[in-house]
Every structure is written in structure tokens, then in C-alpha cells.
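Structure file query30.csv; described as CSV, C-alpha atoms.
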```
chain,number,residue,atom,x,y,z
E,1,MET,CA,10.2,-3.7,-20.1
E,2,SER,CA,10.7,-7.5,-20.4
E,3,GLN,CA,8.1,-10.1,-19.5
E,4,ALA,CA,10.3,-11.2,-16.6
E,5,ASP,CA,10.3,-7.6,-15.3
E,6,MET,CA,6.5,-7.4,-15.7
E,7,ASN,CA,6.0,-10.7,-13.8
E,8,GLN,CA,8.3,-9.4,-11.0
E,9,ASP,CA,6.5,-6.1,-10.8
E,10,LYS,CA,3.2,-7.9,-10.2
E,11,ARG,CA,4.8,-9.6,-7.2
E,12,ALA,CA,6.1,-6.4,-5.8
E,13,GLY,CA,3.0,-5.4,-3.9
E,14,SER,CA,3.3,-5.2,-0.1
E,15,PRO,CA,0.8,-7.3,1.9
E,16,LEU,CA,-0.3,-6.6,5.4
E,17,ILE,CA,0.8,-9.3,7.8
E,18,GLU,CA,-1.2,-10.1,10.9
E,19,VAL,CA,0.1,-12.5,13.6
E,20,SER,CA,-2.6,-13.3,16.1
E,21,HIS,CA,-2.0,-15.3,19.4
E,22,VAL,CA,0.6,-17.6,17.9
E,23,SER,CA,2.3,-20.2,20.0
E,24,LYS,CA,5.0,-22.8,19.3
E,25,CYS,CA,6.6,-25.7,21.2
E,26,PHE,CA,9.6,-27.8,20.4
E,27,GLY,CA,8.9,-31.0,22.3
E,28,GLU,CA,8.2,-29.8,25.9
E,29,HIS,CA,10.0,-26.5,25.4
E,30,GLN,CA,7.7,-23.5,24.8
E,31,VAL,CA,9.4,-21.3,22.3
E,32,LEU,CA,6.6,-18.8,21.6
E,33,THR,CA,3.6,-17.9,23.7
E,34,ASP,CA,0.6,-15.9,22.5
E,35,VAL,CA,2.6,-13.8,20.1
E,36,THR,CA,0.5,-11.0,18.4
E,37,ALA,CA,2.0,-8.5,16.0
E,38,ASP,CA,1.0,-6.5,12.9
E,39,PHE,CA,3.2,-5.3,10.1
E,40,ASN,CA,1.8,-2.6,7.8
E,41,ALA,CA,2.3,-2.7,4.1
E,42,GLY,CA,5.5,-1.1,2.9
E,43,GLU,CA,7.0,-0.5,6.3
E,44,VAL,CA,10.4,-1.3,7.6
E,45,ALA,CA,10.0,-3.3,10.9
E,46,VAL,CA,12.7,-4.4,13.2
E,47,ILE,CA,12.5,-7.2,15.8
E,48,VAL,CA,14.8,-7.0,18.7
E,49,GLY,CA,15.4,-8.9,21.9
E,50,ALA,CA,17.9,-11.0,23.8
E,51,SER,CA,19.3,-14.2,22.2
E,52,GLY,CA,16.9,-17.0,22.7
E,53,SER,CA,13.8,-14.8,22.9
E,54,GLY,CA,12.2,-16.6,19.9
E,55,LYS,CA,12.8,-14.0,17.2
E,56,SER,CA,14.1,-16.3,14.5
E,57,THR,CA,11.5,-19.0,15.1
E,58,PHE,CA,8.8,-16.2,14.8
E,59,LEU,CA,10.1,-15.1,11.5
E,60,ARG,CA,10.5,-18.6,10.1
E,61,MET,CA,6.8,-19.2,10.7
E,62,LEU,CA,5.8,-16.3,8.4
E,63,ASN,CA,6.9,-18.3,5.4
E,64,ARG,CA,6.0,-21.7,6.9
E,65,LEU,CA,9.6,-22.9,7.5
E,66,GLU,CA,8.3,-23.5,11.0
E,67,ARG,CA,4.7,-24.5,11.7
E,68,HIS,CA,2.9,-22.8,14.6
E,69,ASP,CA,0.9,-24.9,17.1
E,70,ALA,CA,-1.8,-22.3,17.8
E,71,GLY,CA,-3.0,-18.9,16.5
E,72,ARG,CA,-3.1,-17.5,13.0
E,73,ILE,CA,-0.8,-15.8,10.5
E,74,LEU,CA,-2.5,-13.9,7.8
E,75,ILE,CA,-1.0,-12.2,4.7
E,76,ASP,CA,-3.4,-9.9,3.0
E,77,GLY,CA,-6.2,-11.6,4.9
E,78,GLN,CA,-5.2,-15.1,3.8
E,79,ASP,CA,-4.0,-17.7,6.2
E,80,VAL,CA,-0.4,-18.8,5.4
E,81,ALA,CA,-1.6,-22.4,6.1
E,82,ASP,CA,-3.9,-22.2,3.1
E,83,LEU,CA,-1.4,-20.7,0.6
E,84,SER,CA,0.5,-23.0,-1.8
E,85,ALA,CA,4.2,-23.3,-1.3
E,86,ILE,CA,4.9,-21.6,-4.7
E,87,SER,CA,2.7,-18.6,-4.0
E,88,LEU,CA,4.1,-18.2,-0.5
E,89,TYR,CA,7.7,-18.3,-1.6
E,90,GLN,CA,7.0,-15.9,-4.5
E,91,GLU,CA,5.5,-13.4,-2.0
E,92,ILE,CA,8.1,-13.8,0.8
E,93,GLY,CA,11.9,-13.7,0.4
E,94,MET,CA,14.2,-14.5,3.2
E,95,VAL,CA,17.9,-14.1,4.1
E,96,ASP,CA,18.9,-15.7,7.3
E,97,GLN,CA,22.1,-16.7,9.1
E,98,ARG,CA,22.2,-20.0,7.3
E,99,VAL,CA,23.2,-19.1,3.7
E,100,HIS,CA,22.7,-22.0,1.3
E,101,LEU,CA,24.8,-21.9,-1.9
E,102,MET,CA,25.3,-24.6,-4.5
E,103,ARG,CA,28.4,-25.7,-6.5
E,104,ALA,CA,27.7,-23.5,-9.5
E,105,THR,CA,28.7,-20.1,-10.8
E,106,ILE,CA,28.0,-17.0,-8.9
E,107,ALA,CA,25.4,-15.9,-11.5
E,108,ASP,CA,23.6,-19.3,-11.3
E,109,ASN,CA,23.5,-19.1,-7.5
E,110,VAL,CA,21.8,-15.7,-7.7
E,111,ARG,CA,19.5,-16.8,-10.5
E,112,LEU,CA,18.1,-19.6,-8.3
E,113,ALA,CA,15.4,-17.2,-7.2
E,114,ALA,CA,14.4,-16.2,-10.7
E,115,PRO,CA,15.7,-18.7,-13.3
E,116,SER,CA,14.6,-16.6,-16.3
E,117,ALA,CA,16.3,-13.4,-15.1
E,118,SER,CA,18.6,-11.8,-17.6
E,119,ASP,CA,22.3,-11.1,-17.0
E,120,ALA,CA,21.5,-7.4,-16.5
E,121,GLN,CA,18.9,-8.2,-13.9
E,122,VAL,CA,21.4,-10.4,-12.0
E,123,VAL,CA,23.9,-7.6,-12.0
E,124,ARG,CA,21.3,-5.0,-10.8
E,125,ALA,CA,20.4,-7.3,-7.9
E,126,CYS,CA,24.1,-7.8,-7.0
E,127,ARG,CA,24.7,-4.0,-7.2
E,128,ALA,CA,21.8,-3.4,-4.8
E,129,ALA,CA,23.3,-6.0,-2.4
E,130,CYS,CA,26.8,-4.3,-2.7
E,131,ILE,CA,28.4,-7.5,-3.9
E,132,ASP,CA,29.0,-6.5,-7.5
E,133,GLU,CA,32.5,-5.0,-7.0
E,134,ASP,CA,33.6,-8.1,-5.1
E,135,ILE,CA,32.4,-10.3,-8.0
E,136,GLU,CA,33.9,-8.2,-10.7
E,137,ALA,CA,37.3,-8.3,-8.9
E,138,LEU,CA,37.3,-12.1,-9.4
E,139,GLU,CA,39.2,-13.5,-12.4
E,140,ASP,CA,36.0,-15.1,-13.8
E,141,GLY,CA,33.6,-12.5,-12.5
E,142,TYR,CA,30.0,-13.8,-12.5
E,143,ASP,CA,31.2,-17.0,-14.1
E,144,THR,CA,33.3,-17.8,-11.0
E,145,LEU,CA,32.5,-21.2,-9.5
E,146,VAL,CA,31.4,-21.2,-5.9
E,147,GLY,CA,32.6,-24.2,-3.8
E,148,GLU,CA,30.4,-26.4,-1.7
E,149,ARG,CA,28.5,-24.3,0.8
E,150,GLY,CA,30.4,-21.3,-0.5
E,151,GLN,CA,33.6,-21.9,1.4
E,152,SER,CA,35.5,-19.9,-1.3
E,153,LEU,CA,33.7,-16.7,-0.2
E,154,SER,CA,33.9,-14.8,3.0
E,155,GLY,CA,30.9,-14.7,5.4
E,156,GLY,CA,30.0,-11.2,4.3
E,157,GLN,CA,30.2,-12.1,0.7
E,158,ARG,CA,28.0,-15.1,1.2
E,159,GLN,CA,25.4,-13.0,3.0
E,160,ARG,CA,25.3,-10.4,0.3
E,161,LEU,CA,25.1,-13.1,-2.4
E,162,ALA,CA,22.1,-14.6,-0.6
E,163,LEU,CA,20.6,-11.1,-0.4
E,164,ALA,CA,21.1,-10.5,-4.1
E,165,ARG,CA,19.3,-13.8,-4.8
E,166,ALA,CA,16.3,-12.7,-2.6
E,167,LEU,CA,16.2,-9.3,-4.2
E,168,LEU,CA,16.2,-10.7,-7.7
E,169,ALA,CA,12.8,-12.3,-7.1
E,170,ARG,CA,11.3,-8.9,-6.1
E,171,PRO,CA,9.2,-10.3,-3.2
E,172,GLY,CA,6.5,-8.3,-1.6
E,173,VAL,CA,7.8,-9.2,1.9
E,174,LEU,CA,11.5,-9.5,2.6
E,175,ILE,CA,12.6,-11.2,5.9
E,176,LEU,CA,16.1,-10.5,7.1
E,177,ASP,CA,17.7,-12.4,10.0
E,178,GLU,CA,21.0,-10.8,11.0
E,179,PHE,CA,21.7,-10.4,7.3
E,180,THR,CA,24.6,-7.9,7.9
E,181,SER,CA,26.2,-9.6,10.9
E,182,HIS,CA,29.5,-10.0,9.0
E,183,LEU,CA,29.7,-6.5,7.6
E,184,ASP,CA,31.4,-3.4,8.9
E,185,PRO,CA,29.2,-0.4,9.8
E,186,ASP,CA,29.8,1.5,6.5
E,187,LEU,CA,29.1,-1.4,4.3
E,188,ASP,CA,26.1,-2.4,6.5
E,189,GLU,CA,24.6,1.1,5.8
E,190,ARG,CA,25.2,0.9,2.1
E,191,VAL,CA,23.5,-2.5,1.8
E,192,ARG,CA,20.5,-1.2,3.7
E,193,ILE,CA,20.2,1.8,1.3
E,194,GLY,CA,20.6,-0.6,-1.7
E,195,VAL,CA,17.8,-2.9,-0.4
E,196,ARG,CA,15.3,-0.1,0.1
E,197,THR,CA,16.1,1.5,-3.2
E,198,TYR,CA,15.7,-1.8,-5.0
E,199,LEU,CA,12.4,-2.7,-3.2
E,200,PRO,CA,10.9,0.7,-2.4
E,201,GLN,CA,7.4,-0.7,-1.8
E,202,ALA,CA,8.2,-4.0,0.0
E,203,THR,CA,7.5,-4.8,3.6
E,204,ILE,CA,10.8,-5.4,5.2
E,205,ILE,CA,11.0,-7.3,8.5
E,206,GLU,CA,14.4,-7.6,10.1
E,207,ILE,CA,16.0,-9.2,13.2
E,208,THR,CA,19.1,-7.3,14.3
E,209,HIS,CA,21.3,-6.9,17.3
E,210,ARG,CA,22.6,-3.6,16.0
E,211,LEU,CA,20.0,-1.5,17.9
E,212,GLN,CA,20.9,1.7,16.1
E,213,TRP,CA,18.9,0.4,13.1
E,214,SER,CA,15.8,0.1,15.2
E,215,GLU,CA,15.7,3.8,15.7
E,216,GLN,CA,15.4,4.3,11.9
E,217,ALA,CA,12.6,1.7,11.4
E,218,ASP,CA,8.9,2.5,11.0
E,219,HIS,CA,8.0,-0.1,13.6
E,220,VAL,CA,9.8,-2.0,16.3
E,221,VAL,CA,8.7,-5.3,18.0
E,222,VAL,CA,10.5,-6.2,21.2
E,223,MET,CA,10.5,-9.9,22.2
E,224,ASP,CA,11.5,-11.5,25.5
E,225,ALA,CA,11.1,-15.1,26.6
E,226,GLY,CA,9.0,-16.1,23.6
E,227,THR,CA,6.5,-13.3,23.7
E,228,VAL,CA,6.0,-9.7,22.5
E,229,VAL,CA,6.6,-7.3,25.3
E,230,GLN,CA,6.5,-4.0,23.4
E,231,ALA,CA,5.7,-2.8,19.9
E,232,GLY,CA,5.2,0.5,18.1
E,233,PRO,CA,7.1,3.4,16.5
E,234,PRO,CA,10.7,3.6,17.8
E,235,ALA,CA,10.5,7.3,18.8
E,236,LYS,CA,7.5,6.5,21.0
E,237,LEU,CA,9.0,3.5,22.6
E,238,LEU,CA,12.3,5.2,23.3
E,239,ALA,CA,10.5,8.2,24.8
E,240,GLU,CA,9.2,6.1,27.7
E,241,PRO,CA,10.7,3.7,30.2
E,242,GLY,CA,10.4,0.2,28.8
E,243,PRO,CA,12.2,-2.8,27.2
E,244,LEU,CA,13.5,-1.0,24.0
E,245,ARG,CA,14.9,1.9,26.0
E,246,THR,CA,16.6,-0.6,28.4
E,247,LEU,CA,18.1,-2.7,25.5
E,248,THR,CA,19.3,0.4,23.7
E,249,ALA,CA,21.0,1.8,26.9
E,250,ARG,CA,22.8,-1.5,27.4
E,251,GLY,CA,24.0,-1.5,23.8
E,252,ARG,CA,25.7,1.9,24.2
```

How does this structure look as C-alpha cells?
Amino acid sequence: MSQADMNQDKRAGSPLIEVSHVSKCFGEHQVLTDVTADFNAGEVAVIVGASGSGKSTFLRMLNRLERHDAGRILIDGQDVADLSAISLYQEIGMVDQRVHLMRATIADNVRLAAPSASDAQVVRACRAACIDEDIEALEDGYDTLVGERGQSLSGGQRQRLALARALLARPGVLILDEFTSHLDPDLDERVRIGVRTYLPQATIIEITHRLQWSEQADHVVVMDAGTVVQAGPPAKLLAEPGPLRTLTARGR
């Protein structure tokens, strides 16, 4: 095992995340109100709710891309406000709807998350994100230049390239915000299998509007109007009248 692999393995632990009474305002607009939620180490958690319910803002506070106005967010008992930016971003990887790519080769774009990663490690991450076949079909393969903001790639290719970059760093927590929105159902399922196989011990927290995936999660958080209205194992939530059952019925 290389030194890079050893360093990545040390970061592959799965911290417990505790969100306690968190609130957030943008100007006079209250986005989140008294949000409380726990995410156990190593679980797959799904956050669902109508558009505008505060899901993305909530997730962006976990790695301090947004600052909360009240409450606490703890990772392994440490307040995220007290963690250095480097340690926080090593621990938490994120793939959201705004994919950021630079004018560089595909390999260099993936390697942004782990500059010392070998070519073989880059390929393994791309294979887990199910983007490797697309890359190899290009004339220059991994040496293909990506245009500004990735316009030379499709939306689904950009999403999977961003996912490969996040996977390469082997974070303990992986945050996913509609990360398969451009993919068809079959590829969506393959990507999910690839992620879990590549990071078997990571805590994965995902926002999705494809409610079928909530039924396969370990834990579901339902948000509405900036607050948590229901949380727990999906089988339990679906067995009783409530927000998740209502959302699922509407989606079918």
C-alpha cells in the first residue's frame, strides 16, 4: 500500500454528526428554524422534502459553506466552528448541483481533491463513479482537456466527474445534493452501488427527489418549511401516516 493510500485510509473513519437546534436567516428570510438531526457513523441517510424546504442550506452548513446563526453542529463531538478549514474539508466531501471544473485535463480535474494521487487511484475513483467508460471513449482519454466550466461534457458526465473527485479523497462523510439528477434510473443505481463499494464505511448524507432511494436508506429526514418534521428508519416512517408516506404517495 502506498503512503497516499495509508493517508487516505486514516481519513476514512465515519464520524457521528449531531445537529442541535440550528437556525439560519438570509436577511429577513428565515430559512431554517430549530433544526435538530443526528446521523450515525457509517449510515446512509436521505433528506427529502419539497423544493424550498431548506435541505440544501442545511447540508451546506455541515461543512461550513453556510454559517448557522444559532445552534450547534458537532462532528465526533467537535463543533464545526472550531475545526480548521483543512481538517473539515479532508473529513467531509461534497457533490452538489453546482459542479465546478477548471480548464485542465480530466485527470487533473479529478486529482484536485488529492494532488498526490496516482493514475491508478484516479482511474479507480472514476470507475466507482461510472465515468471511466465515457473517459476512455474520448480520443485523449484522461488527458482530454475540459473546457471552462465543463461545457464540453454533458450534465451527467460533469456530475460523475465531480463525484469521482470527491471519492478520490476518501472522506469520512460524503454529502450528495441531487448528485444523480441528470442520470437515467439504471445508471443512477450503478453509481450508488459504486459509491457504497468504494466508501463502505463512510457516512453518506443525500438530498434526492427520487423518493425510491429513501426506502433503501438507513435513516430518513423529512424537512418542510425550514424545519425537520419527521426522522427515522424508512420502514417505520412509511408504516404510519405522516410526511414521508404522503410525499411517497404523491411521487407514485

inquiry  = Please determine, counting all atoms listed in the file, which residue among E:Arg67, E:Arg165, E:Arg158, E:Arg190 has the shortest atom-to-atom distance to E:Val110.
reply    =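 Among the listed residues, E:Arg165 lies closest to E:Val110.
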
ask   = Counting all atoms listed in the file, what is within 9 Å of stretch 93-109 of chain E, bar same-chain residues fewer than 3 positions away, as JSON, numbers by chain?
value = {"E": [56, 60, 63, 89, 90, 112, 113, 115, 119, 122, 123, 135, 141, 142, 143, 144, 145, 146, 147, 148, 149, 150, 158, 159, 161, 162, 163, 165, 166, 167, 169, 170, 171, 172, 173, 174, 175, 176, 177, 178, 179, 181]}

note = Judged by only C-alpha atoms, the minimum distance to E:Leu183 among E:Ala249, E:Leu83, E:Leu238, E:Ile131 is found for E:Ile131

Residues near stretch 30-34 of chain E, cut-off 12 Å, only C-alpha atoms, skip fewer than 2 positions along chain, as number ranges by chain = E: 19-28, 36-37, 52-59, 61, 66-72, 223-229

task = State, in Å with one decimal place, the distance from atom CA of E:Ala125 to atom CA of E:Leu187.
result =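 Rounded to one decimal, the two atoms are 16.1 Å apart.
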
task = To one decimal in Å, tell me the separation between atom CA of E:Arg210 and atom CA of E:Ala235.
result =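 Spanning atom CA of E:Arg210 to atom CA of E:Ala235 is a straight-line distance of 16.5 Å.
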
task = Give me, please, the distance in Å between atom CA of E:Glu18 and atom CA of E:Phe39, quoted to one decimal.
result = 6.6 Å

Slice of the block: stretch 45-73 of chain E, N, CA and C atoms, as a PDB file, in the first residue's frame:
```
ATOM      1  N   ALA E  45     -27.975   8.152   4.886  1.00  0.00           N
ATOM      2  CA  ALA E  45     -29.126   8.965   5.273  1.00  0.00           C
ATOM      3  C   ALA E  45     -29.611   9.755   4.079  1.00  0.00           C
ATOM      4  N   VAL E  46     -30.921   9.908   3.965  1.00  0.00           N
ATOM      5  CA  VAL E  46     -31.531  10.647   2.875  1.00  0.00           C
ATOM      6  C   VAL E  46     -32.381  11.766   3.460  1.00  0.00           C
ATOM      7  N   ILE E  47     -32.225  12.955   2.883  1.00  0.00           N
ATOM      8  CA  ILE E  47     -33.030  14.106   3.291  1.00  0.00           C
ATOM      9  C   ILE E  47     -33.998  14.422   2.160  1.00  0.00           C
ATOM     10  N   VAL E  48     -35.282  14.452   2.479  1.00  0.00           N
ATOM     11  CA  VAL E  48     -36.304  14.697   1.463  1.00  0.00           C
ATOM     12  C   VAL E  48     -37.209  15.836   1.922  1.00  0.00           C
ATOM     13  N   GLY E  49     -37.969  16.350   0.960  1.00  0.00           N
ATOM     14  CA  GLY E  49     -38.890  17.442   1.244  1.00  0.00           C
ATOM     15  C   GLY E  49     -39.138  18.249  -0.016  1.00  0.00           C
ATOM     16  N   ALA E  50     -40.139  19.079   0.034  1.00  0.00           N
ATOM     17  CA  ALA E  50     -40.476  19.900  -1.125  1.00  0.00           C
ATOM     18  C   ALA E  50     -39.362  20.892  -1.430  1.00  0.00           C
ATOM     19  N   SER E  51     -39.312  21.371  -2.667  1.00  0.00           N
ATOM     20  CA  SER E  51     -38.342  22.408  -3.030  1.00  0.00           C
ATOM     21  C   SER E  51     -38.550  23.629  -2.152  1.00  0.00           C
ATOM     22  N   GLY E  52     -37.425  24.200  -1.699  1.00  0.00           N
ATOM     23  CA  GLY E  52     -37.515  25.378  -0.838  1.00  0.00           C
ATOM     24  C   GLY E  52     -37.685  25.074   0.632  1.00  0.00           C
ATOM     25  N   SER E  53     -37.559  23.796   1.005  1.00  0.00           N
ATOM     26  CA  SER E  53     -37.749  23.442   2.414  1.00  0.00           C
ATOM     27  C   SER E  53     -36.486  23.595   3.244  1.00  0.00           C
ATOM     28  N   GLY E  54     -35.366  24.008   2.621  1.00  0.00           N
ATOM     29  CA  GLY E  54     -34.144  24.274   3.369  1.00  0.00           C
ATOM     30  C   GLY E  54     -33.125  23.153   3.346  1.00  0.00           C
ATOM     31  N   LYS E  55     -33.346  22.133   2.523  1.00  0.00           N
ATOM     32  CA  LYS E  55     -32.475  20.951   2.528  1.00  0.00           C
ATOM     33  C   LYS E  55     -31.032  21.296   2.140  1.00  0.00           C
ATOM     34  N   SER E  56     -30.862  22.021   1.041  1.00  0.00           N
ATOM     35  CA  SER E  56     -29.505  22.332   0.568  1.00  0.00           C
ATOM     36  C   SER E  56     -28.765  23.246   1.535  1.00  0.00           C
ATOM     37  N   THR E  57     -29.454  24.228   2.068  1.00  0.00           N
ATOM     38  CA  THR E  57     -28.831  25.116   3.050  1.00  0.00           C
ATOM     39  C   THR E  57     -28.370  24.322   4.266  1.00  0.00           C
ATOM     40  N   PHE E  58     -29.205  23.399   4.703  1.00  0.00           N
ATOM     41  CA  PHE E  58     -28.864  22.550   5.844  1.00  0.00           C
ATOM     42  C   PHE E  58     -27.582  21.776   5.587  1.00  0.00           C
ATOM     43  N   LEU E  59     -27.482  21.135   4.426  1.00  0.00           N
ATOM     44  CA  LEU E  59     -26.290  20.347   4.135  1.00  0.00           C
ATOM     45  C   LEU E  59     -25.048  21.217   3.994  1.00  0.00           C
ATOM     46  N   ARG E  60     -25.195  22.405   3.420  1.00  0.00           N
ATOM     47  CA  ARG E  60     -24.045  23.286   3.216  1.00  0.00           C
ATOM     48  C   ARG E  60     -23.501  23.818   4.540  1.00  0.00           C
ATOM     49  N   MET E  61     -24.286  23.747   5.609  1.00  0.00           N
ATOM     50  CA  MET E  61     -23.789  24.162   6.911  1.00  0.00           C
ATOM     51  C   MET E  61     -22.910  23.092   7.557  1.00  0.00           C
ATOM     52  N   LEU E  62     -23.056  21.834   7.120  1.00  0.00           N
ATOM     53  CA  LEU E  62     -22.264  20.768   7.726  1.00  0.00           C
ATOM     54  C   LEU E  62     -20.778  20.931   7.450  1.00  0.00           C
ATOM     55  N   ASN E  63     -20.435  21.488   6.278  1.00  0.00           N
ATOM     56  CA  ASN E  63     -19.014  21.738   6.003  1.00  0.00           C
ATOM     57  C   ASN E  63     -18.702  23.232   5.930  1.00  0.00           C
ATOM     58  N   ARG E  64     -19.569  24.016   6.557  1.00  0.00           N
ATOM     59  CA  ARG E  64     -19.345  25.446   6.782  1.00  0.00           C
ATOM     60  C   ARG E  64     -19.356  26.285   5.502  1.00  0.00           C
ATOM     61  N   LEU E  65     -19.960  25.760   4.427  1.00  0.00           N
ATOM     62  CA  LEU E  65     -20.163  26.597   3.252  1.00  0.00           C
ATOM     63  C   LEU E  65     -21.213  27.665   3.538  1.00  0.00           C
ATOM     64  N   GLU E  66     -22.090  27.364   4.492  1.00  0.00           N
ATOM     65  CA  GLU E  66     -23.018  28.346   5.054  1.00  0.00           C
ATOM     66  C   GLU E  66     -22.830  28.336   6.565  1.00  0.00           C
ATOM     67  N   ARG E  67     -22.930  29.489   7.186  1.00  0.00           N
ATOM     68  CA  ARG E  67     -22.799  29.590   8.643  1.00  0.00           C
ATOM     69  C   ARG E  67     -24.183  29.647   9.284  1.00  0.00           C
ATOM     70  N   HIS E  68     -24.368  28.874  10.340  1.00  0.00           N
ATOM     71  CA  HIS E  68     -25.642  28.919  11.038  1.00  0.00           C
ATOM     72  C   HIS E  68     -25.650  30.076  12.032  1.00  0.00           C
ATOM     73  N   ASP E  69     -26.835  30.603  12.301  1.00  0.00           N
ATOM     74  CA  ASP E  69     -26.991  31.750  13.205  1.00  0.00           C
ATOM     75  C   ASP E  69     -27.169  31.318  14.655  1.00  0.00           C
ATOM     76  N   ALA E  70     -27.716  30.130  14.846  1.00  0.00           N
ATOM     77  CA  ALA E  70     -27.952  29.632  16.208  1.00  0.00           C
ATOM     78  C   ALA E  70     -27.845  28.119  16.195  1.00  0.00           C
ATOM     79  N   GLY E  71     -27.579  27.540  17.374  1.00  0.00           N
ATOM     80  CA  GLY E  71     -27.466  26.100  17.495  1.00  0.00           C
ATOM     81  C   GLY E  71     -26.042  25.608  17.326  1.00  0.00           C
ATOM     82  N   ARG E  72     -25.879  24.284  17.288  1.00  0.00           N
ATOM     83  CA  ARG E  72     -24.556  23.681  17.196  1.00  0.00           C
ATOM     84  C   ARG E  72     -24.552  22.536  16.195  1.00  0.00           C
ATOM     85  N   ILE E  73     -23.422  22.351  15.526  1.00  0.00           N
ATOM     86  CA  ILE E  73     -23.195  21.212  14.646  1.00  0.00           C
ATOM     87  C   ILE E  73     -21.898  20.556  15.099  1.00  0.00           C
TER      88      ILE E  73
END
```
